[in-house]
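Beneath this line is the structure, given in structure tokens, with notes to follow.
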Amino acid sequence: MANPAAAVSAPDAGRAKISASGVDVFYGAKHALKKVSVEIGERQVVAFIGPSGCGKSTFLRCLNRMNDTIAGCRVTGDIRLDRGDIYAPEVDVVQLRARVGMVFQKPNPFPKSIYDNVAYGPRIHGLAGSKAELDALVEGALKGAALWNEVSDRLDSPGTGLSGGQQQRLCIARAIAVSPEVILMDEPCSALDPIATAHVEELIDGLRERYTIVIVTHNMQQAARVSQRTAFFHLGELVEEDDTSAIFTNPRDERTQGYITGRYG
Amino acid sequence: MTDATLAAAPPSDLAGRPQDGPSLHMTEAARARLRRRYAADRRFRQAGLGAVVFGVVALGFLLFTILSNGLTAFRQTELRLDFAFSREIIAPDGKVDPQSIRAADWARVVRESLQARFPDARDRRGARLVEALVSPGAQGQLMDMVLADPGLIGQTRSVWVLAASDIDMVLKGHADRAVPEESRRVNDRQLAWMGALEKDGALRLSFNTRFFTGADSRYPELVGILGGILGSLYTLAITLALAFPLGVMAAIYLEEFAPKNRITDLIEVNINNLAAVPSIVFGLLGLAVFLNVFGMPRSAPLVGGCVLALMSLPIIIIAARAALRAVPPSIREAALGLGASRLQVVLHHVLPLAMPGILTGTILSMAHALGETAPLLMIGMVAFIVDVPSGPLDAATVLPVQIFMWADSPERGFVEKTSAAILVLLVFLLGMNALAIWLRKKFERRW
């Protein structure tokens with residue numbers, strides 16, 4: 001398990017991978033996110049915490065423009081991935097989402113075989129030149145998601161037949177098979193039991209060496225365990241963002257203090 | 001401390017009413033309420049069961065009526081007579097070629113054969129009566145024999161020919177022999193001749209192949225259903241080819257791509273309205289547009305298919321949209337999150353998952369179209385057509401229209417043919433529904 005005090009491990013970690021400034025999100029007339037500015041360092045795990053409905057998932061979905069698919073949703077402000085504006089008109093969302101992968105709250109494997117689930121991304125992006133390359137890619141992704149040993153003998157069986165925790169790791173394998181730079185995780189453990197959660201958390205800690213990870217969680221122990229930086233959202237505002245150890249031991253804002261000590265949330 | 005509180009306050013329910021004695025749910029009043037609830041439950045179940053029993057009985061009665069009326073149509077009465085293919089009738093000028101064989105007086109061949117068999121029918125009235133035993137189709141049957149083998153000319157052959165419909169009805173028991181002679185279609189002399197034939201073993205019921213190979217006729221014993229079957233198949237093929245791709249495309253666009261605004265709302269409302277428009281209106285549209293403006297052929301399955309496609313389109317669109325909407329959004333999000341384009345999301349994930357629902361909806365709408373009559377009347381598919389259509393441009397009729405026309409005919413012989421045609425139509429509908437179930441199962445197994 002990661003020690004939050006040992007801030008970073010990978011080289012060049014900490015350089016801003018994503019920087020957002022003044023981001024507002026509206027759902028129709030509802031102002032869901034107000035003037036959010038945050039920097040997310042490369043090869044770090046950043047946790048977004050906050051009470052339900054505080055906008056943390058909304059902000060997460062801005063980072064790969066998944067909000068585009070919601071009718072009536074409007075995003076203003078500036079979000080940059082490697083200094084490139086991801087809301088610029090010339091940006092291709094298909095390419096953006098290949099660079100910024102996503103794992104959802106509820107495990108959502110395709111109703112296809114385990115192999116096809118993982119191979120889908122590389123196939124649509126044309127990442128594998130041959131069947132052998134694709135096989136190697138699938139194996140690598142499943143190993144990266146710590147699932148290979150459990151499923152290597154039944155790659156042809158349906159992904160929907162796995163247990164909840166295995167399905168979520170399959171979804172992570174599916175996301176990393178595309179070789180993204182950033183992985184967004186929207187409460188990836190909320191539908192899992194404690195043992196499966198421990199598996200996924202361990203996995204996240206390992207993935208940090210290669211990917212920038214943004215994780216939304218309701219579970220503050222989880223945020224403390226897996227992340228180096230933590231951002232606290234409240235009522236659509238980003239209240240505080242700091243090293244995880246600082247947030248949990250010495251929060252500057254009293255709302256943060258109240259939330260992490262369990263007075264509300 | 002807890003004990004002290006309990007002792008201090010007398011027990012009361014949430015509304016503050018004092019509660020002493022047995023528990024709230026164990027009183028006599030509570031038991032009575034429970035009994036009433038169970039009684040209501042039971043009454044509801046019995047009403048439901050009653051509705052199902054009524055439906056089954058009604059269906060059973062319908063099937064029994066159709067089967068008892070229609071099954072006899074699959075067998076047809078034939079009688080055996082000796083026919084003399086004399087040279088002076090068939091080739092009076094000595095020429096034996098198909099043209100002169102066709103032009104020969106075949107009625108005379110039949111008449112002379114009958115008079116030879118029944119010498120007591122040589123009077124004028126008797127001649128007419130005895131000729132009424134044999135179907136007019138016998139002449140064509142004999143002609144075809146000679147056309148196939150001209151060597152028969154000059155010989156005498158014993159041949160089973162079709163009996164007239166009246167004789168058929170008597171033999172099948174559909175005409176009551178006890179009715180007074182003057183109100184019977186078959187009189188006593190004809191009955192006596194029938195008896196004589198029966199005694200010789202020259203009267204039989206045989207399988208009615210003509211019913212499955214022929215088209216319409218004025219004579220009930222000569223009709224066939226193949227014309228209607230092929231007409232229906234051509235029509236449905238056109239309908240499917242037009243309505244399925246158009247409907248699925250429209251549904252995909254509206255459900256997955258179209259922006260939600262006033263125009264798409266208006267389109268949606270109109271599609272729902274079109275699904276409820278009476279089918280005869282589509283027939284009028286077909287008449288006005290396809291026949292009058294585009295000048296397409298009358299009575300043709302091509303036009304019928306176009307009209308039925310217009311009628312099926314809204315139903316297919318609605319079914320396909322419902323099937324697309326039933327695909328869980330998490331699948332779309334998963335694919336979008338991987339960087340799939342919207343088209344890839346639809347083609348790779350949503351459409352395959354929606355396919356069973358789309359196919360079921362499509363086949364049910366096709367079954368609906370198969371049973372449709374009214375719009376086809378408007379475009380002339382109600383015509384009397386004696387040839388089996390050989391393509392979608394030939395004049396044709398369809399099964400339900402054929403049933404309608406036979407049911408409208410006065411001859412007693414058409415009653416069983418009508419029921420038999422209904423049986424054929426039902427078999428087709430059952431087949432289509434079975435296909436829908438099979439396709440559904442097949443596509444579901446892939447996942």
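Residues in the structure tokens are named by chain (A, B, ... in the order shown) and by number from 1 within that chain; ligands are numbered from 1 in the order shown.
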Residues at most 8 Å from segment 376-388 of chain B, counting only C-alpha atoms, excluding those fewer than 6 positions away in the same chain, as number ranges by chain? B: 214-217, 226-227, 230, 280, 283-284, 286-287, 291, 298-301, 303-304, 307, 395-398, 401-402, 405
Selected residues, C-alpha atoms, written as a compact mmCIF listing (two decimals), in the first residue's frame, please.
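The new file part.txt reads:
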# COMPACT_ATOMS: atom_id res chain seq x y z
CA GLY B 214 -53.13 -23.00 -58.97
CA ALA B 215 -54.56 -19.52 -58.71
CA ASP B 216 -58.08 -18.17 -58.60
CA SER B 217 -60.99 -19.53 -60.64
CA LEU B 226 -50.43 -20.50 -54.87
CA GLY B 227 -51.29 -17.23 -56.63
CA LEU B 230 -46.69 -15.89 -54.17
CA ILE B 280 -56.85 2.29 -45.80
CA GLY B 283 -53.91 2.58 -49.61
CA LEU B 284 -55.35 5.89 -50.78
CA GLY B 286 -50.54 4.54 -52.72
CA LEU B 287 -53.33 5.01 -55.24
CA LEU B 291 -50.38 4.73 -59.41
CA ARG B 298 -52.00 -1.63 -61.07
CA SER B 299 -52.53 -4.75 -58.91
CA ALA B 300 -48.77 -5.36 -58.73
CA PRO B 301 -47.00 -6.67 -55.62
CA VAL B 303 -46.97 -1.25 -55.43
CA GLY B 304 -48.54 -3.31 -52.67
CA VAL B 307 -47.77 0.78 -49.62
CA ALA B 395 -50.82 -8.62 -61.46
CA ALA B 396 -51.43 -10.58 -58.29
CA THR B 397 -53.51 -10.77 -55.20
CA VAL B 398 -52.48 -11.63 -51.65
CA VAL B 401 -57.58 -10.51 -50.20
CA GLN B 402 -58.00 -13.97 -51.72
CA MET B 405 -62.90 -12.67 -52.36
Which polymer residues have any atom within 8 Å of an atom of Asp24 of chain A, counting only C-alpha atoms, with same-chain residues fewer than 4 positions away left out, as a compact mmCIF listing (two decimals) with C-alpha atoms, in the first residue's frame?
# COMPACT_ATOMS: atom_id res chain seq x y z
CA HIS A 31 -24.43 25.71 -12.18
CA ALA A 32 -22.77 22.42 -11.28
CA LEU A 33 -19.13 23.44 -11.07
CA LYS A 34 -17.83 26.89 -10.16
CA LYS A 35 -14.44 28.27 -11.17
CA VAL A 36 -12.41 25.15 -10.56
CA VAL A 75 -18.32 23.59 -20.06
CA THR A 76 -16.41 26.88 -19.96
CA GLY A 77 -12.89 27.65 -18.80
Within 10 Å of Ala119 of chain A using only C-alpha atoms, minus same-chain residues under 3 positions, as a short mmCIF file (atom, residue, chain, number, x, y, z; two decimals) with N, CA and C atoms, in the first residue's frame:
data_model
loop_
_atom_site.label_atom_id
_atom_site.label_comp_id
_atom_site.auth_asym_id
_atom_site.auth_seq_id
_atom_site.Cartn_x
_atom_site.Cartn_y
_atom_site.Cartn_z
N SER A 113 -16.36 -11.60 -25.19
CA SER A 113 -15.38 -12.41 -24.46
C SER A 113 -14.37 -11.50 -23.76
N ILE A 114 -13.67 -12.08 -22.79
CA ILE A 114 -12.65 -11.33 -22.05
C ILE A 114 -11.62 -10.77 -23.04
N TYR A 115 -11.22 -11.63 -23.97
CA TYR A 115 -10.22 -11.22 -24.97
C TYR A 115 -10.72 -10.02 -25.77
N ASP A 116 -11.96 -10.13 -26.27
CA ASP A 116 -12.50 -9.06 -27.12
C ASP A 116 -12.68 -7.77 -26.35
N PRO A 122 -7.48 -1.44 -28.74
CA PRO A 122 -6.41 -1.54 -29.73
C PRO A 122 -6.95 -1.76 -31.15
N ARG A 123 -8.04 -2.51 -31.27
CA ARG A 123 -8.59 -2.76 -32.62
C ARG A 123 -9.08 -1.47 -33.24
N ILE A 124 -9.91 -0.70 -32.50
CA ILE A 124 -10.48 0.50 -33.15
C ILE A 124 -9.42 1.56 -33.40
N LEU A 127 -3.91 -0.33 -33.13
CA LEU A 127 -2.62 -0.34 -32.43
C LEU A 127 -1.83 -1.62 -32.65
N ALA A 128 -2.48 -2.67 -33.13
CA ALA A 128 -1.78 -3.93 -33.31
C ALA A 128 -1.75 -4.28 -34.79
N LEU A 134 -1.54 -8.34 -31.21
CA LEU A 134 -2.75 -8.09 -30.44
C LEU A 134 -2.78 -9.02 -29.22
N ASP A 135 -2.42 -10.30 -29.46
CA ASP A 135 -2.39 -11.26 -28.34
C ASP A 135 -1.45 -10.74 -27.25
N LEU A 137 -0.53 -7.67 -26.69
CA LEU A 137 -1.11 -6.48 -26.08
C LEU A 137 -2.15 -6.85 -25.03
N VAL A 138 -3.02 -7.81 -25.40
CA VAL A 138 -4.08 -8.24 -24.48
C VAL A 138 -3.45 -8.85 -23.23
N GLU A 139 -2.45 -9.70 -23.46
CA GLU A 139 -1.79 -10.34 -22.32
C GLU A 139 -1.15 -9.28 -21.42
N ALA A 141 -1.95 -6.12 -21.10
CA ALA A 141 -2.95 -5.32 -20.40
C ALA A 141 -3.54 -6.10 -19.24
N ALA A 173 -8.04 -3.16 -17.39
CA ALA A 173 -7.21 -3.74 -18.44
C ALA A 173 -7.61 -3.19 -19.80
N ARG A 174 -8.93 -3.07 -20.00
CA ARG A 174 -9.46 -2.55 -21.25
C ARG A 174 -8.98 -1.12 -21.45
N ALA A 177 -5.13 -1.03 -22.19
CA ALA A 177 -4.75 -1.66 -23.47
C ALA A 177 -4.57 -0.63 -24.56
N VAL A 178 -5.21 0.54 -24.41
CA VAL A 178 -5.11 1.60 -25.42
C VAL A 178 -3.84 2.42 -25.19
#
Would you list which chain A residues are within 10 Å of chain B using only C-alpha atoms, as a tab-separated table (two decimals) with N, CA and C atoms, in the first residue's frame?
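Contents of the output file selection34.tsv:
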chain	number	residue	atom	x	y	z
A	61	ARG	N	-15.37	14.07	-15.57
A	61	ARG	CA	-15.86	13.82	-16.92
A	61	ARG	C	-15.54	14.97	-17.87
A	64	ASN	N	-12.02	14.15	-19.99
A	64	ASN	CA	-11.95	13.46	-21.29
A	64	ASN	C	-13.17	13.79	-22.14
A	65	ARG	N	-13.81	14.88	-21.79
A	65	ARG	CA	-14.95	15.40	-22.54
A	65	ARG	C	-16.09	14.41	-22.65
A	66	MET	N	-16.26	13.57	-21.62
A	66	MET	CA	-17.43	12.69	-21.63
A	66	MET	C	-18.71	13.49	-21.40
A	69	THR	N	-21.40	14.17	-24.18
A	69	THR	CA	-22.50	13.29	-24.57
A	69	THR	C	-23.78	13.61	-23.80
A	71	ALA	N	-26.82	15.89	-23.01
A	71	ALA	CA	-27.53	17.02	-23.62
A	71	ALA	C	-27.68	18.13	-22.60
A	72	GLY	N	-27.44	19.34	-23.03
A	72	GLY	CA	-27.65	20.49	-22.15
A	72	GLY	C	-26.48	20.78	-21.23
A	92	ASP	N	-9.74	16.42	-31.51
A	92	ASP	CA	-10.55	15.27	-31.86
A	92	ASP	C	-10.84	14.50	-30.58
A	93	VAL	N	-12.12	14.37	-30.21
A	93	VAL	CA	-12.44	13.71	-28.93
A	93	VAL	C	-12.04	12.25	-28.94
A	94	VAL	N	-12.08	11.62	-30.12
A	94	VAL	CA	-11.69	10.22	-30.20
A	94	VAL	C	-10.23	10.07	-29.77
A	95	GLN	N	-9.39	10.99	-30.29
A	95	GLN	CA	-7.97	10.96	-29.95
A	95	GLN	C	-7.76	11.31	-28.47
A	96	LEU	N	-8.53	12.30	-28.01
A	96	LEU	CA	-8.41	12.71	-26.61
A	96	LEU	C	-8.74	11.54	-25.68
A	97	ARG	N	-9.82	10.82	-26.01
A	97	ARG	CA	-10.24	9.73	-25.12
A	97	ARG	C	-9.30	8.54	-25.22
A	98	ALA	N	-8.56	8.45	-26.33
A	98	ALA	CA	-7.53	7.42	-26.38
A	98	ALA	C	-6.37	7.78	-25.46
A	99	ARG	N	-6.13	9.09	-25.28
A	99	ARG	CA	-5.04	9.52	-24.38
A	99	ARG	C	-5.49	9.55	-22.93
A	100	VAL	N	-6.79	9.81	-22.72
A	100	VAL	CA	-7.32	9.90	-21.36
A	100	VAL	C	-8.37	8.80	-21.20
A	101	GLY	N	-7.98	7.68	-20.65
A	101	GLY	CA	-8.90	6.55	-20.50
A	101	GLY	C	-9.79	6.73	-19.28
A	102	MET	N	-10.81	5.88	-19.19
A	102	MET	CA	-11.76	6.06	-18.10
A	102	MET	C	-12.24	4.72	-17.56
A	103	VAL	N	-12.39	4.64	-16.25
A	103	VAL	CA	-12.97	3.46	-15.59
A	103	VAL	C	-14.16	3.96	-14.80
A	104	PHE	N	-15.29	3.26	-14.95
A	104	PHE	CA	-16.54	3.80	-14.41
A	104	PHE	C	-16.87	3.20	-13.06
A	105	GLN	N	-17.90	3.81	-12.45
A	105	GLN	CA	-18.32	3.42	-11.12
A	105	GLN	C	-18.76	1.96	-11.08
A	106	LYS	N	-19.66	1.62	-12.02
A	106	LYS	CA	-20.14	0.25	-12.05
A	106	LYS	C	-19.33	-0.48	-13.12
A	107	PRO	N	-18.79	-1.66	-12.81
A	107	PRO	CA	-18.05	-2.39	-13.85
A	107	PRO	C	-18.94	-2.57	-15.08
A	108	ASN	N	-18.45	-2.16	-16.25
A	108	ASN	CA	-19.30	-2.25	-17.45
A	108	ASN	C	-18.57	-2.94	-18.59
A	109	PRO	N	-18.16	-4.21	-18.39
A	109	PRO	CA	-17.53	-4.90	-19.52
A	109	PRO	C	-18.53	-5.05	-20.66
A	110	PHE	N	-18.02	-5.09	-21.90
A	110	PHE	CA	-18.89	-5.34	-23.04
A	110	PHE	C	-19.40	-6.77	-22.94
A	111	PRO	N	-20.58	-7.06	-23.42
A	111	PRO	CA	-21.07	-8.44	-23.40
A	111	PRO	C	-20.35	-9.27	-24.48
A	112	LYS	N	-19.05	-9.32	-24.38
A	112	LYS	CA	-18.23	-10.08	-25.32
A	112	LYS	C	-17.23	-10.88	-24.50
A	113	SER	N	-16.36	-11.60	-25.19
A	113	SER	CA	-15.38	-12.41	-24.46
A	113	SER	C	-14.37	-11.50	-23.76
A	120	TYR	N	-10.68	-4.63	-27.81
A	120	TYR	CA	-11.53	-3.68	-28.55
A	120	TYR	C	-10.83	-2.35	-28.80
A	121	GLY	N	-10.25	-1.77	-27.74
A	121	GLY	CA	-9.59	-0.47	-27.89
A	121	GLY	C	-8.47	-0.51	-28.91
A	122	PRO	N	-7.48	-1.44	-28.74
A	122	PRO	CA	-6.41	-1.54	-29.73
A	122	PRO	C	-6.95	-1.76	-31.15
A	124	ILE	N	-9.91	-0.70	-32.50
A	124	ILE	CA	-10.48	0.50	-33.15
A	124	ILE	C	-9.42	1.56	-33.40
A	125	HIS	N	-8.37	1.56	-32.58
A	125	HIS	CA	-7.33	2.55	-32.82
A	125	HIS	C	-6.22	2.02	-33.72
A	157	SER	N	-14.27	-16.86	-22.64
A	157	SER	CA	-15.56	-16.83	-21.92
A	157	SER	C	-15.97	-15.37	-21.74
A	158	PRO	N	-17.29	-15.14	-21.58
A	158	PRO	CA	-17.77	-13.75	-21.57
A	158	PRO	C	-17.26	-12.96	-20.38
A	159	GLY	N	-16.92	-11.69	-20.62
A	159	GLY	CA	-16.43	-10.82	-19.57
A	159	GLY	C	-17.47	-10.57	-18.50
A	160	THR	N	-18.76	-10.67	-18.90
A	160	THR	CA	-19.82	-10.42	-17.94
A	160	THR	C	-19.96	-11.56	-16.94
A	171	CYS	N	-12.12	-3.96	-16.75
A	171	CYS	CA	-12.34	-2.63	-17.31
A	171	CYS	C	-11.04	-1.81	-17.25
A	174	ARG	N	-8.93	-3.07	-20.00
A	174	ARG	CA	-9.46	-2.55	-21.25
A	174	ARG	C	-8.98	-1.12	-21.45
A	175	ALA	N	-8.94	-0.34	-20.35
A	175	ALA	CA	-8.51	1.06	-20.47
A	175	ALA	C	-7.02	1.15	-20.76
A	176	ILE	N	-6.20	0.32	-20.08
A	176	ILE	CA	-4.75	0.48	-20.29
A	176	ILE	C	-4.29	-0.17	-21.59
A	177	ALA	N	-5.13	-1.03	-22.19
A	177	ALA	CA	-4.75	-1.66	-23.47
A	177	ALA	C	-4.57	-0.63	-24.56
A	178	VAL	N	-5.21	0.54	-24.41
A	178	VAL	CA	-5.11	1.60	-25.42
A	178	VAL	C	-3.84	2.42	-25.19
A	180	PRO	N	-3.15	4.68	-22.59
A	180	PRO	CA	-3.48	6.09	-22.36
A	180	PRO	C	-2.38	6.74	-21.54
A	184	LEU	N	-8.83	8.04	-15.79
A	184	LEU	CA	-9.80	8.64	-14.88
A	184	LEU	C	-10.61	7.52	-14.26
Surrounding residues of segment 144-147 of chain A excluding itself and chain neighbours under 5 positions, 8 Å, only C-alpha atoms, as an NGL selection string: :A and (166 or 169-170 or 172-173 or 176 or 203 or 207)
Which parts of segment 57-250 of chain A does DSSP call strand (DSSP E) when run on the backbone here, written out as a PyMOL selection string? chain A and resi 73-81+84-85+100-103+182-186+212-216+229-234+237-243
How many Å lie between atom CA of Arg83 of chain A and atom CA of Cys62 of chain A, rounded to one decimal?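 Separation of atom CA of Arg83 of chain A and atom CA of Cys62 of chain A: 15.7 Å.
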Contacts of Ser365 of chain B within 7 Å, only C-alpha atoms, excl. fewer than 5 positions in-chain, as a list in words: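 Neighbouring residues, sequence-local ones excluded: Ser312, Ile315 and Ile316 of chain B.
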Take atom CA of Leu359 of chain B and atom CA of Ala326 of chain B and report the distance between them in Å, one decimal.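 Value for the atom CA of Leu359 of chain B-atom CA of Ala326 of chain B distance: 14.2 Å.
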